[in-house]
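As stored in start36.csv (CSV, N, CA and C atoms):
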```csv
chain,number,residue,atom,x,y,z
A,22,LEU,N,126.0,96.4,64.1
A,22,LEU,CA,125.3,95.3,63.4
A,22,LEU,C,124.2,94.7,64.3
A,23,GLU,N,124.1,95.1,65.5
A,23,GLU,CA,123.2,94.5,66.5
A,23,GLU,C,121.8,94.4,65.9
A,24,SER,N,121.3,95.6,65.3
A,24,SER,CA,119.9,95.6,64.8
A,24,SER,C,119.8,94.7,63.5
A,25,ASP,N,120.9,94.7,62.8
A,25,ASP,CA,120.9,93.8,61.5
A,25,ASP,C,120.8,92.3,61.9
A,26,TYR,N,121.6,91.9,62.9
A,26,TYR,CA,121.5,90.5,63.4
A,26,TYR,C,120.1,90.1,63.7
A,27,LYS,N,119.3,91.0,64.3
A,27,LYS,CA,118.0,90.6,64.7
A,27,LYS,C,117.1,90.3,63.6
A,28,LEU,N,117.4,90.8,62.4
A,28,LEU,CA,116.6,90.6,61.2
A,28,LEU,C,116.8,89.3,60.5
A,29,LEU,N,117.9,88.6,60.9
A,29,LEU,CA,118.3,87.4,60.2
A,29,LEU,C,117.9,86.1,60.9
A,30,LYS,N,117.8,85.0,60.1
A,30,LYS,CA,117.5,83.7,60.6
A,30,LYS,C,118.7,83.3,61.6
A,31,ASP,N,119.9,83.4,61.1
A,31,ASP,CA,121.1,83.1,61.9
A,31,ASP,C,121.6,84.5,62.4
A,32,GLN,N,121.2,84.8,63.7
A,32,GLN,CA,121.4,86.1,64.2
A,32,GLN,C,122.8,86.3,64.8
A,33,ASN,N,123.8,86.2,63.9
A,33,ASN,CA,125.2,86.3,64.3
A,33,ASN,C,126.1,86.8,63.1
A,34,GLU,N,127.4,87.0,63.4
A,34,GLU,CA,128.3,87.5,62.3
A,34,GLU,C,128.2,86.6,61.1
A,35,ASP,N,128.2,85.3,61.2
A,35,ASP,CA,128.2,84.4,60.1
A,35,ASP,C,126.9,84.6,59.3
A,36,GLY,N,125.8,84.7,59.9
A,36,GLY,CA,124.5,84.9,59.3
A,36,GLY,C,124.5,86.2,58.5
A,37,PHE,N,125.1,87.2,59.1
A,37,PHE,CA,125.1,88.5,58.5
A,37,PHE,C,126.0,88.5,57.2
A,38,ARG,N,127.2,87.9,57.3
A,38,ARG,CA,128.1,87.8,56.2
A,38,ARG,C,127.5,87.0,55.1
A,39,ARG,N,126.8,86.0,55.4
A,39,ARG,CA,126.1,85.2,54.4
A,39,ARG,C,125.0,86.0,53.7
A,40,ALA,N,124.2,86.7,54.5
A,40,ALA,CA,123.1,87.5,53.9
A,40,ALA,C,123.6,88.6,53.0
A,41,LEU,N,124.7,89.3,53.5
A,41,LEU,CA,125.2,90.4,52.7
A,41,LEU,C,125.9,89.8,51.4
A,42,GLY,N,126.6,88.7,51.5
A,42,GLY,CA,127.1,88.1,50.3
A,42,GLY,C,126.0,87.7,49.3
A,43,ASP,N,125.0,87.1,49.8
A,43,ASP,CA,123.8,86.7,48.9
A,43,ASP,C,123.2,87.9,48.3
A,44,LEU,N,123.1,89.0,49.0
A,44,LEU,CA,122.5,90.2,48.5
A,44,LEU,C,123.3,90.8,47.3
A,45,ILE,N,124.6,90.8,47.5
A,45,ILE,CA,125.5,91.3,46.5
A,45,ILE,C,125.5,90.4,45.2
A,46,LYS,N,125.5,89.1,45.4
A,46,LYS,CA,125.4,88.1,44.3
A,46,LYS,C,124.1,88.3,43.6
A,47,ASN,N,123.0,88.5,44.3
A,47,ASN,CA,121.7,88.6,43.6
A,47,ASN,C,121.4,89.9,42.9
A,48,THR,N,122.1,91.0,43.4
A,48,THR,CA,121.8,92.3,42.8
A,48,THR,C,122.9,92.7,41.8
A,49,ILE,N,124.1,92.1,41.9
A,49,ILE,CA,125.1,92.4,40.9
A,49,ILE,C,125.4,91.2,40.1
A,50,ARG,N,126.4,90.4,40.5
A,50,ARG,CA,126.6,89.1,39.9
A,50,ARG,C,127.7,88.4,40.7
A,51,THR,N,127.7,87.1,40.6
A,51,THR,CA,128.5,86.2,41.5
A,51,THR,C,130.0,86.5,41.3
A,52,ASP,N,130.4,86.7,40.1
A,52,ASP,CA,131.9,86.8,39.9
A,52,ASP,C,132.5,88.1,40.5
A,53,ILE,N,131.6,89.0,40.9
A,53,ILE,CA,132.1,90.3,41.4
A,53,ILE,C,132.6,90.1,42.9
A,54,MET,N,132.3,89.0,43.5
A,54,MET,CA,132.7,88.8,44.9
A,54,MET,C,134.2,88.7,45.0
A,55,GLN,N,134.9,88.4,43.9
A,55,GLN,CA,136.4,88.5,44.0
A,55,GLN,C,137.0,89.9,44.2
A,56,LEU,N,136.2,90.9,43.9
A,56,LEU,CA,136.6,92.3,44.1
A,56,LEU,C,136.1,92.8,45.5
A,57,ILE,N,135.4,92.1,46.2
A,57,ILE,CA,134.8,92.6,47.5
A,57,ILE,C,135.3,91.8,48.7
A,58,GLY,N,135.7,92.6,49.7
A,58,GLY,CA,136.1,92.0,50.9
A,58,GLY,C,135.2,92.5,52.0
A,59,ILE,N,134.6,91.5,52.8
A,59,ILE,CA,133.7,91.8,53.8
A,59,ILE,C,134.3,91.4,55.1
A,60,SER,N,134.4,92.3,56.1
A,60,SER,CA,134.9,91.9,57.4
A,60,SER,C,134.0,92.5,58.5
A,61,VAL,N,134.0,91.9,59.6
A,61,VAL,CA,133.2,92.5,60.8
A,61,VAL,C,134.3,92.8,61.8
A,62,VAL,N,134.3,94.0,62.3
A,62,VAL,CA,135.2,94.5,63.3
A,62,VAL,C,134.4,94.9,64.5
A,63,SER,N,135.0,94.7,65.7
A,63,SER,CA,134.4,95.1,66.9
A,63,SER,C,135.1,96.4,67.5
A,64,TYR,N,134.3,97.3,68.0
A,64,TYR,CA,134.8,98.5,68.5
A,64,TYR,C,133.9,98.9,69.7
A,65,SER,N,134.4,99.1,70.8
A,65,SER,CA,133.7,99.4,72.0
A,65,SER,C,132.5,98.5,72.3
A,66,GLY,N,132.8,97.2,72.1
A,66,GLY,CA,131.8,96.2,72.3
A,66,GLY,C,130.7,96.0,71.3
A,67,LYS,N,130.8,96.7,70.2
A,67,LYS,CA,129.8,96.7,69.1
A,67,LYS,C,130.5,96.2,67.8
A,68,ASP,N,129.7,95.4,67.0
A,68,ASP,CA,130.2,94.9,65.7
A,68,ASP,C,129.8,95.9,64.6
A,69,PHE,N,130.8,96.2,63.7
A,69,PHE,CA,130.6,97.0,62.6
A,69,PHE,C,131.0,96.2,61.3
A,70,CYS,N,130.4,96.5,60.2
A,70,CYS,CA,130.8,95.9,59.0
A,70,CYS,C,131.7,96.8,58.1
A,71,ARG,N,132.7,96.2,57.6
A,71,ARG,CA,133.7,96.9,56.8
A,71,ARG,C,133.6,96.2,55.4
A,72,VAL,N,133.4,97.0,54.4
A,72,VAL,CA,133.3,96.5,53.0
A,72,VAL,C,134.4,97.2,52.2
A,73,GLU,N,135.3,96.4,51.7
A,73,GLU,CA,136.4,97.0,50.8
A,73,GLU,C,136.1,96.5,49.4
A,74,VAL,N,136.1,97.4,48.4
A,74,VAL,CA,135.8,97.1,47.0
A,74,VAL,C,137.0,97.5,46.2
A,75,LYS,N,137.6,96.5,45.5
A,75,LYS,CA,138.7,96.8,44.5
A,75,LYS,C,138.1,97.4,43.3
A,76,LYS,N,138.9,98.3,42.6
A,76,LYS,CA,138.5,98.9,41.4
A,76,LYS,C,138.4,97.8,40.3
A,77,SER,N,137.3,97.9,39.5
A,77,SER,CA,137.1,97.0,38.4
A,77,SER,C,137.5,97.7,37.1
A,78,THR,N,138.0,97.0,36.1
A,78,THR,CA,138.3,97.6,34.8
A,78,THR,C,137.1,97.7,33.9
A,79,ASP,N,136.0,96.9,34.3
A,79,ASP,CA,134.8,96.9,33.5
A,79,ASP,C,133.7,97.6,34.3
A,80,PRO,N,132.7,98.2,33.7
A,80,PRO,CA,131.6,98.7,34.4
A,80,PRO,C,130.8,97.6,35.1
A,81,ILE,N,130.3,97.8,36.3
A,81,ILE,CA,129.5,96.8,37.0
A,81,ILE,C,128.1,97.3,37.1
A,82,PHE,N,127.2,96.6,36.6
A,82,PHE,CA,125.8,97.0,36.6
A,82,PHE,C,125.1,96.3,37.8
A,83,VAL,N,124.1,97.0,38.3
A,83,VAL,CA,123.3,96.6,39.4
A,83,VAL,C,121.9,96.3,38.9
A,84,LYS,N,121.3,95.1,39.3
A,84,LYS,CA,119.9,94.8,38.9
A,84,LYS,C,119.0,95.6,39.8
A,85,HIS,N,118.1,96.5,39.3
A,85,HIS,CA,117.2,97.3,40.1
A,85,HIS,C,115.9,97.3,39.4
A,86,LYS,N,114.9,96.6,39.9
A,86,LYS,CA,113.5,96.6,39.4
A,86,LYS,C,113.5,96.1,37.9
A,87,GLY,N,114.3,95.0,37.7
A,87,GLY,CA,114.3,94.4,36.4
A,87,GLY,C,115.1,95.2,35.3
A,88,GLN,N,115.9,96.2,35.8
A,88,GLN,CA,116.6,97.0,34.8
A,88,GLN,C,118.1,97.0,35.3
A,89,ASN,N,119.0,96.9,34.4
A,89,ASN,CA,120.4,97.1,34.7
A,89,ASN,C,120.8,98.5,34.8
A,90,VAL,N,121.3,98.9,35.9
A,90,VAL,CA,121.7,100.3,36.2
A,90,VAL,C,123.1,100.4,36.5
A,91,LEU,N,123.7,101.5,36.1
A,91,LEU,CA,125.1,101.7,36.4
A,91,LEU,C,125.2,103.0,37.3
A,92,TYR,N,125.9,102.8,38.4
A,92,TYR,CA,126.2,103.9,39.3
A,92,TYR,C,127.6,104.4,39.1
A,93,VAL,N,127.8,105.6,38.8
A,93,VAL,CA,129.2,106.2,38.6
A,93,VAL,C,129.4,107.3,39.6
A,94,ARG,N,130.7,107.3,40.1
A,94,ARG,CA,131.1,108.3,41.1
A,94,ARG,C,131.9,109.3,40.4
A,95,THR,N,131.5,110.6,40.6
A,95,THR,CA,132.3,111.7,40.1
A,95,THR,C,132.5,112.7,41.2
A,96,ASP,N,133.7,112.9,41.6
A,96,ASP,CA,134.1,113.7,42.7
A,96,ASP,C,133.3,113.2,44.0
A,97,ASN,N,132.4,114.0,44.5
A,97,ASN,CA,131.7,113.6,45.7
A,97,ASN,C,130.2,113.3,45.4
A,98,HIS,N,129.9,113.0,44.1
A,98,HIS,CA,128.6,112.7,43.7
A,98,HIS,C,128.5,111.3,43.1
A,99,THR,N,127.3,110.7,43.3
A,99,THR,CA,127.0,109.4,42.6
A,99,THR,C,125.9,109.6,41.7
A,100,ARG,N,126.1,109.2,40.4
A,100,ARG,CA,125.0,109.4,39.4
A,100,ARG,C,124.5,108.0,39.0
A,101,ARG,N,123.2,107.9,38.8
A,101,ARG,CA,122.5,106.7,38.4
A,101,ARG,C,122.3,106.8,36.9
A,102,LEU,N,122.9,105.8,36.2
A,102,LEU,CA,122.7,105.8,34.7
A,102,LEU,C,122.0,104.6,34.3
A,103,ALA,N,120.8,104.7,33.7
A,103,ALA,CA,120.0,103.6,33.3
A,103,ALA,C,119.8,103.7,31.8
A,104,ASP,N,119.7,104.9,31.2
A,104,ASP,CA,119.5,105.0,29.8
A,104,ASP,C,120.8,104.6,29.0
A,105,PRO,N,120.6,103.7,28.0
A,105,PRO,CA,121.8,103.3,27.2
A,105,PRO,C,122.6,104.4,26.6
A,106,SER,N,122.0,105.5,26.2
A,106,SER,CA,122.7,106.6,25.6
A,106,SER,C,123.6,107.3,26.7
A,107,GLU,N,123.1,107.4,27.9
A,107,GLU,CA,123.9,108.0,29.0
A,107,GLU,C,125.1,107.1,29.3
A,108,ILE,N,124.8,105.8,29.3
A,108,ILE,CA,125.9,104.9,29.6
A,108,ILE,C,127.0,104.9,28.6
A,109,MET,N,126.6,105.0,27.3
A,109,MET,CA,127.5,105.1,26.2
A,109,MET,C,128.4,106.3,26.3
A,110,ALA,N,127.7,107.5,26.6
A,110,ALA,CA,128.4,108.7,26.7
A,110,ALA,C,129.4,108.7,27.9
A,111,TRP,N,129.0,108.1,29.0
A,111,TRP,CA,129.9,107.9,30.1
A,111,TRP,C,131.1,107.1,29.7
A,112,GLN,N,130.9,106.0,29.0
A,112,GLN,CA,132.0,105.1,28.6
A,112,GLN,C,133.0,105.8,27.7
A,113,LYS,N,132.4,106.6,26.7
A,113,LYS,CA,133.3,107.3,25.8
A,113,LYS,C,134.1,108.3,26.6
A,114,GLN,N,133.5,109.0,27.5
A,114,GLN,CA,134.2,110.0,28.3
A,114,GLN,C,135.3,109.4,29.1
A,115,ARG,N,135.0,108.2,29.7
A,115,ARG,CA,136.0,107.5,30.5
A,115,ARG,C,137.2,107.0,29.7
A,116,GLU,N,136.9,106.6,28.5
A,116,GLU,CA,138.0,106.1,27.6
A,116,GLU,C,138.9,107.2,27.2
A,117,SER,N,138.3,108.4,27.0
A,117,SER,CA,139.2,109.6,26.6
A,117,SER,C,140.1,110.1,27.7
A,118,ASN,N,139.8,109.7,28.9
A,118,ASN,CA,140.6,110.2,30.0
A,118,ASN,C,141.8,109.4,30.3
```
Turn this file's structure into structure tokens for me.
Amino acid sequence: LESDYKLLKDQNEDGFRRALGDLIKNTIRTDIMQLIGISVVSYSGKDFCRVEVKKSTDPIFVKHKGQNVLYVRTDNHTRRLADPSEIMAWQKQRESN
């Protein structure tokens, strides 16, 4: 996180955690923070960020360039779904499994 700290007003762990939390709140939504755990761990004298995300029962949309986008994970691939018909098809397929 050394290079990340340098980009922040408060160039430390607290400033980083605050900036990352704000980024998540602004691009997803505030209530999602209950599903996300952010920790900073030190290894060999360097700080690393660990983000743990609990599974949600509802789809979580990301705000991207004024559009709500859904990212879905299938095996080892991530798909970006923005078209409502794609999202509906994904939800139907998810419900049938």
Next item on the list: Could you give me, as a ChimeraX atom specification, the residues within 12 Å of A:Gly87, counting only C-alpha atoms and dropping anything in the same chain fewer than 4 positions from it?
Entry: /A:47-49,82-83,103
Check: Please, what distance in Å, to one decimal, runs between atom CA of A:Pro80 and atom CA of A:Ala40?
Finding: 24.0 Å
Next item on the list: One decimal, Å: what's the distance from atom N of A:Asn97 over to atom N of A:Val61, could you say?
Entry: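 Going from atom N of A:Asn97 over to atom N of A:Val61 covers 26.8 Å.
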Check: Which residues come within 6.5 Å of A:Ile59, counting only N, CA and C atoms, excluding same-chain residues fewer than 4 positions away, as a ChimeraX atom specification?
Finding: /A:71-73
Notebook entry, point to check: How far is it from atom C of A:Glu34 to atom C of A:Lys67, in Å with one decimal?
Noted result: 11.9 Å
Next item on the list: Give the alpha helix (DSSP H) residues of chain A, as assigned by DSSP on the backbone, as a PyMOL selection string.
Entry: chain A and resi 23-27+34-48+105-117
Margin query: Which residues are near A:Leu22? Cut-off 7 Å, all atoms listed in the file, ignore same chain within fewer than 3 positions. Put them as a PyMOL selection string.
Written below: chain A and resi 25-27+67-70
Just write the chosen residues, N, CA and C atoms, as a compact mmCIF listing (two decimals), in the coordinates of the input.
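Dumped everything to selection19.txt:
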```
# COMPACT_ATOMS: atom_id res chain seq x y z
N ASP A 25 120.90 94.70 62.80
CA ASP A 25 120.90 93.80 61.50
C ASP A 25 120.80 92.30 61.90
N TYR A 26 121.60 91.90 62.90
CA TYR A 26 121.50 90.50 63.40
C TYR A 26 120.10 90.10 63.70
N LYS A 27 119.30 91.00 64.30
CA LYS A 27 118.00 90.60 64.70
C LYS A 27 117.10 90.30 63.60
N LYS A 67 130.80 96.70 70.20
CA LYS A 67 129.80 96.70 69.10
C LYS A 67 130.50 96.20 67.80
N ASP A 68 129.70 95.40 67.00
CA ASP A 68 130.20 94.90 65.70
C ASP A 68 129.80 95.90 64.60
N PHE A 69 130.80 96.20 63.70
CA PHE A 69 130.60 97.00 62.60
C PHE A 69 131.00 96.20 61.30
N CYS A 70 130.40 96.50 60.20
CA CYS A 70 130.80 95.90 59.00
C CYS A 70 131.70 96.80 58.10
```
Notebook entry, point to check: Per DSSP on the backbone, what are the strand (DSSP E or B) residues of chain A, as a PyMOL selection string?
Noted result: chain A and resi 57-64+67-74+82-85+88-95+98-102
Notebook entry, point to check: Which residue out of A:Ser60, A:Arg50, A:Ile108, A:Thr78 has the minimum interatomic distance to A:Val90 when only C-alpha atoms are used?
Noted result: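 With only C-alpha atoms as the atom set, the closest residue is A:Ile108.
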Check: Looking at only N, CA and C atoms, which of A:Val74, A:Val93, A:Leu102, A:Met109 is the one that sits closest to A:Ile57?
Finding: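 Between A:Val74, A:Val93, A:Leu102, A:Met109, the residue approaching A:Ile57 most closely is A:Val74.
If only C-alpha atoms are the atoms counted, then among A:Gly42, A:Arg115, A:Ile81, A:Lys30 the closest residue to A:Thr95 is A:Arg115.
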Padding 5 Å on every side, please: axis-aligned box over the listed atoms of stretch 57-75 of chain A, centre and edge lengths to one decimal in Å, as AutoDock Vina command-line options.
```
--center_x 134.2 --center_y 95.4 --center_z 57.8 --size_x 19.0 --size_y 18.0 --size_z 39.0
```
